[in-house]
Amino acid sequence: MDPKPLALPPIDDLAAAAGAVADELAPALASADTFEKAKDLKRPAYALALLANAVAMADGSVQWKGSAGQVRDAALRLARTESYNDASSAFGEIKDLLAGGATKASQGKPMTWVEIAPIKEFMVEVNVRNRALTKMVRTPAQFKQDAEKMRRNAAVLELFGSITAEHPKPKDGKGSDEEWQKWSAAMRDGAAALAKAAKAGDAPAAKTALNKMRASCSDCHAKFRPDVADDF
């Protein structure tokens with residue numbers, strides 16, 4: 001596996017987020033018909049591949065850590081195929097491995113974060129999760145109800161902030177390398193603070209952390225991708 005990025009969230013949060021992504025994928029892969037009607041499986045499949053890679057590298061242990069490389073590779077097959085049979089086979093392997101199924105002797109070749117997923121794919125995921133988080137902090141009751149979901153979403157965004165720093169800045173962006181690193185770190189740190197607030201049950205701190213994280217996204221887009229809205 002690639003060396004650790006700047007920071008990794010707790011392995012339990014990463015594993016929980018991976019399981020939630022698998023649950024999200026399940027309805028679309030129930031049949032050839034649902035697969036054909038699915039809008040975009042690349043986004044969650046690439047997210048799952050990145051999460052699995054992080055599980056393999058994180059400190060601590062979860063049931064399927066020894067299979068995380070296989071989960072990553074199966075998720076990449078799912079992201080890159082247009083065949084229902086291939087997608088169904090890959091997803092079946094993912095489900096089995098996440099449930100603690102037997103691993104193969106080979107765990108797959110080491111891959112850098114840049115090799116695993118194009119940045120445009122997981123930036124779409126950032127917007128999806130930012131929108132979900134906005135709803136989760138809307139009221140105290142909603143915050144309390146969604147605290148665990150918030151931690152999972154925050155873990156994904158913390159990871160993606162670290163991974164963003166591993167990617168080169170957009171060639172046509174007006175910002176500097178230092179600004180690219182600064183805003184990547186701000187996204188990572190804001191998401192980590194959000195996860196901490198969710199765990200502590202601190203709704204005001206969660207709102208503050210979310211606003212700071214979103215500000216880092218907006219500032220970064222203004223310099224590097226003004227043509228792409230930070231749609232949250």
# chains A, B, ... in the order shown; residues from 1 in each chain; ligands from 1

call {"tool": "residues_around", "arguments": {"residues": "Lys196 of chain A", "least_positions_apart": "6", "cutoff": "9 Å", "atoms": "only C-alpha atoms", "output": "MDAnalysis selection string"}}
result
chainID A and resid 151 202 205:206

call {"tool": "write_last_selection", "arguments": {"atoms": "N, CA and C atoms", "output": "PDB file, in the first residue's frame"}}
result
ATOM      1  N   ARG A 151     -20.591  11.223  11.897  1.00  0.00           N
ATOM      2  CA  ARG A 151     -19.216  10.754  12.098  1.00  0.00           C
ATOM      3  C   ARG A 151     -18.701  10.035  10.863  1.00  0.00           C
ATOM      4  N   ASP A 202     -21.891  17.601  20.590  1.00  0.00           N
ATOM      5  CA  ASP A 202     -21.809  19.060  20.678  1.00  0.00           C
ATOM      6  C   ASP A 202     -22.299  19.677  19.367  1.00  0.00           C
ATOM      7  N   ALA A 205     -20.594  23.086  18.158  1.00  0.00           N
ATOM      8  CA  ALA A 205     -19.242  22.846  17.641  1.00  0.00           C
ATOM      9  C   ALA A 205     -19.297  22.169  16.281  1.00  0.00           C
ATOM     10  N   ALA A 206     -20.278  21.297  16.085  1.00  0.00           N
ATOM     11  CA  ALA A 206     -20.427  20.623  14.793  1.00  0.00           C
ATOM     12  C   ALA A 206     -20.755  21.630  13.697  1.00  0.00           C
TER      13      ALA A 206
END

call {"tool": "closest_atom_pairs", "arguments": {"of": "segment 38-73 of chain A", "to": "segment 152-156 of chain A", "cutoff": "10 Å", "atoms": "only C-alpha atoms", "output": "tab-separated table"}}
result
residue	atom	partner	partner_atom	distance
A:Ala47	CA	A:Val156	CA	8.2
A:Leu48	CA	A:Val156	CA	9.7
A:Leu50	CA	A:Val156	CA	9.1
A:Leu51	CA	A:Val156	CA	7.5

call {"tool": "write_last_selection", "arguments": {"atoms": "N, CA and C atoms", "output": "compact mmCIF listing (two decimals), in the first residue's frame"}}
result
# COMPACT_ATOMS: atom_id res chain seq x y z
N ALA A 47 -15.35 5.89 -3.99
CA ALA A 47 -15.28 6.22 -2.56
C ALA A 47 -14.97 4.98 -1.74
N LEU A 48 -15.61 3.87 -2.08
CA LEU A 48 -15.37 2.62 -1.37
C LEU A 48 -13.93 2.14 -1.57
N LEU A 50 -11.27 4.00 -2.07
CA LEU A 50 -10.41 4.85 -1.24
C LEU A 50 -10.52 4.50 0.23
N LEU A 51 -11.73 4.25 0.69
CA LEU A 51 -11.94 3.88 2.09
C LEU A 51 -11.26 2.56 2.41

call {"tool": "select_by_dssp", "arguments": {"residues": "segment 65-164 of chain A", "states": "alpha helix (DSSP H)", "output": "ChimeraX atom specification"}}
result
/A:68-80,84-98,113-116,119-136,140-145,147-164

call {"tool": "residues_around", "arguments": {"residues": "Asp13 of chain A", "least_positions_apart": "5", "cutoff": "12 Å", "atoms": "only C-alpha atoms", "output": "JSON, numbers by chain"}}
result
{"A": [8, 18, 19, 20, 51, 52, 54, 55, 58, 59, 60, 61, 62, 148, 149, 150, 151, 152, 153, 154, 155, 156, 157, 158, 159, 192, 195, 196, 199]}

call {"tool": "atom_distance", "arguments": {"atom1": "atom CA of Arg131 of chain A", "atom2": "atom CA of Gly173 of chain A"}}
result
24.8 Å

call {"tool": "residues_around", "arguments": {"residues": "Lys207 of chain A", "least_positions_apart": "5", "cutoff": "9 Å", "atoms": "only C-alpha atoms", "output": "PyMOL selection string"}}
result
chain A and resi 134+137-138+194+197+202+212

call {"tool": "closest_residue", "arguments": {"among": "A:Arg225, A:Ala200, A:Gln142, A:Lys135", "to": "Asp172 of chain A", "atoms": "only C-alpha atoms"}}
result
A:Arg225

call {"tool": "residues_around", "arguments": {"residues": "segment 24-33 of chain A", "least_positions_apart": "3", "cutoff": "12 Å", "atoms": "only C-alpha atoms", "output": "mmCIF file with N, CA and C atoms, in the first residue's frame"}}
result
data_model
loop_
_atom_site.group_PDB
_atom_site.id
_atom_site.type_symbol
_atom_site.label_atom_id
_atom_site.label_comp_id
_atom_site.auth_asym_id
_atom_site.auth_seq_id
_atom_site.Cartn_x
_atom_site.Cartn_y
_atom_site.Cartn_z
ATOM 1 N N ALA A 17 -17.933 3.692 7.446
ATOM 2 C CA ALA A 17 -18.247 4.449 6.235
ATOM 3 C C ALA A 17 -18.224 3.544 5.010
ATOM 4 N N ALA A 18 -17.264 2.630 4.947
ATOM 5 C CA ALA A 18 -17.194 1.691 3.828
ATOM 6 C C ALA A 18 -18.434 0.805 3.786
ATOM 7 N N GLY A 19 -18.856 0.323 4.942
ATOM 8 C CA GLY A 19 -20.060 -0.498 4.998
ATOM 9 C C GLY A 19 -21.292 0.259 4.543
ATOM 10 N N ALA A 20 -21.375 1.538 4.905
ATOM 11 C CA ALA A 20 -22.510 2.364 4.495
ATOM 12 C C ALA A 20 -22.517 2.579 2.984
ATOM 13 N N VAL A 21 -21.339 2.729 2.381
ATOM 14 C CA VAL A 21 -21.263 2.875 0.925
ATOM 15 C C VAL A 21 -21.714 1.586 0.245
ATOM 16 N N GLU A 36 -29.079 -0.905 -14.877
ATOM 17 C CA GLU A 36 -29.204 -0.055 -16.059
ATOM 18 C C GLU A 36 -29.821 1.296 -15.715
ATOM 19 N N LYS A 37 -30.700 1.314 -14.718
ATOM 20 C CA LYS A 37 -31.379 2.552 -14.340
ATOM 21 C C LYS A 37 -30.555 3.412 -13.383
ATOM 22 N N ALA A 38 -29.528 2.825 -12.788
ATOM 23 C CA ALA A 38 -28.713 3.566 -11.817
ATOM 24 C C ALA A 38 -28.027 4.740 -12.506
ATOM 25 N N LYS A 39 -28.018 5.891 -11.852
ATOM 26 C CA LYS A 39 -27.463 7.097 -12.464
ATOM 27 C C LYS A 39 -25.943 7.081 -12.520
ATOM 28 N N ASP A 40 -25.316 6.779 -11.404
ATOM 29 C CA ASP A 40 -23.850 6.852 -11.372
ATOM 30 C C ASP A 40 -23.314 6.000 -10.238
ATOM 31 N N LEU A 41 -22.718 4.876 -10.579
ATOM 32 C CA LEU A 41 -22.113 4.015 -9.571
ATOM 33 C C LEU A 41 -20.633 4.309 -9.386
ATOM 34 N N LYS A 42 -20.056 5.088 -10.288
ATOM 35 C CA LYS A 42 -18.631 5.395 -10.163
ATOM 36 C C LYS A 42 -18.342 6.138 -8.864
ATOM 37 N N ARG A 43 -19.183 7.123 -8.549
ATOM 38 C CA ARG A 43 -18.945 7.944 -7.362
ATOM 39 C C ARG A 43 -18.849 7.098 -6.092
ATOM 40 N N PRO A 44 -19.872 6.303 -5.740
ATOM 41 C CA PRO A 44 -19.737 5.506 -4.520
ATOM 42 C C PRO A 44 -18.694 4.404 -4.630
ATOM 43 N N ALA A 45 -18.515 3.837 -5.817
ATOM 44 C CA ALA A 45 -17.537 2.754 -5.958
ATOM 45 C C ALA A 45 -16.113 3.265 -5.750
ATOM 46 N N TYR A 46 -15.795 4.419 -6.311
ATOM 47 C CA TYR A 46 -14.469 4.995 -6.074
ATOM 48 C C TYR A 46 -14.297 5.379 -4.609
ATOM 49 N N ALA A 47 -15.353 5.894 -3.991
ATOM 50 C CA ALA A 47 -15.277 6.223 -2.563
ATOM 51 C C ALA A 47 -14.971 4.977 -1.744
ATOM 52 N N LEU A 48 -15.611 3.869 -2.082
ATOM 53 C CA LEU A 48 -15.367 2.618 -1.369
ATOM 54 C C LEU A 48 -13.933 2.145 -1.567
ATOM 55 N N ALA A 75 -13.821 -2.919 -5.681
ATOM 56 C CA ALA A 75 -14.528 -1.645 -5.842
ATOM 57 C C ALA A 75 -14.072 -0.927 -7.106
ATOM 58 N N LEU A 78 -15.733 -2.495 -10.028
ATOM 59 C CA LEU A 78 -17.116 -2.027 -10.078
ATOM 60 C C LEU A 78 -17.197 -0.620 -10.660
ATOM 61 N N ALA A 79 -16.283 0.244 -10.272
ATOM 62 C CA ALA A 79 -16.295 1.626 -10.753
ATOM 63 C C ALA A 79 -16.022 1.717 -12.252
ATOM 64 N N GLU A 82 -19.019 -1.381 -17.246
ATOM 65 C CA GLU A 82 -20.377 -1.061 -17.675
ATOM 66 C C GLU A 82 -21.211 -2.326 -17.810
ATOM 67 N N SER A 83 -20.643 -3.455 -17.429
ATOM 68 C CA SER A 83 -21.317 -4.747 -17.520
ATOM 69 C C SER A 83 -21.971 -5.099 -16.188
ATOM 70 N N TYR A 84 -23.249 -5.442 -16.218
ATOM 71 C CA TYR A 84 -23.924 -5.831 -14.977
ATOM 72 C C TYR A 84 -23.308 -7.091 -14.394
ATOM 73 N N ASN A 85 -22.987 -8.063 -15.228
ATOM 74 C CA ASN A 85 -22.413 -9.310 -14.717
ATOM 75 C C ASN A 85 -21.096 -9.052 -13.991
ATOM 76 N N ASP A 86 -20.254 -8.222 -14.586
ATOM 77 C CA ASP A 86 -18.976 -7.899 -13.941
ATOM 78 C C ASP A 86 -19.199 -7.103 -12.655
ATOM 79 N N ALA A 87 -20.126 -6.159 -12.715
ATOM 80 C CA ALA A 87 -20.415 -5.345 -11.532
ATOM 81 C C ALA A 87 -20.992 -6.197 -10.414
ATOM 82 N N SER A 88 -21.898 -7.095 -10.765
ATOM 83 C CA SER A 88 -22.514 -7.966 -9.767
ATOM 84 C C SER A 88 -21.484 -8.888 -9.132
ATOM 85 N N SER A 89 -20.565 -9.398 -9.949
ATOM 86 C CA SER A 89 -19.505 -10.263 -9.429
ATOM 87 C C SER A 89 -18.607 -9.498 -8.466
ATOM 88 N N ALA A 90 -18.225 -8.283 -8.848
ATOM 89 C CA ALA A 90 -17.367 -7.466 -7.985
ATOM 90 C C ALA A 90 -18.070 -7.133 -6.679
ATOM 91 N N PHE A 91 -19.348 -6.796 -6.766
ATOM 92 C CA PHE A 91 -20.083 -6.428 -5.558
ATOM 93 C C PHE A 91 -20.297 -7.636 -4.648
ATOM 94 N N GLY A 92 -20.510 -8.795 -5.252
ATOM 95 C CA GLY A 92 -20.631 -10.003 -4.445
ATOM 96 C C GLY A 92 -19.362 -10.277 -3.658
ATOM 97 N N ILE A 94 -17.204 -7.973 -2.729
ATOM 98 C CA ILE A 94 -17.128 -6.935 -1.698
ATOM 99 C C ILE A 94 -17.961 -7.322 -0.483
ATOM 100 N N LYS A 95 -19.192 -7.735 -0.705
ATOM 101 C CA LYS A 95 -20.076 -8.101 0.402
ATOM 102 C C LYS A 95 -19.498 -9.248 1.211
#

call {"tool": "residues_around", "arguments": {"residues": "Met213 of chain A", "least_positions_apart": "4", "cutoff": "9 Å", "atoms": "only C-alpha atoms", "output": "list in words"}}
result
Ala186, Met187, Arg188, Asp189, Gly190, Ala191, Leu194, Thr208, Ala209, Cys217 and Ser218 of chain A
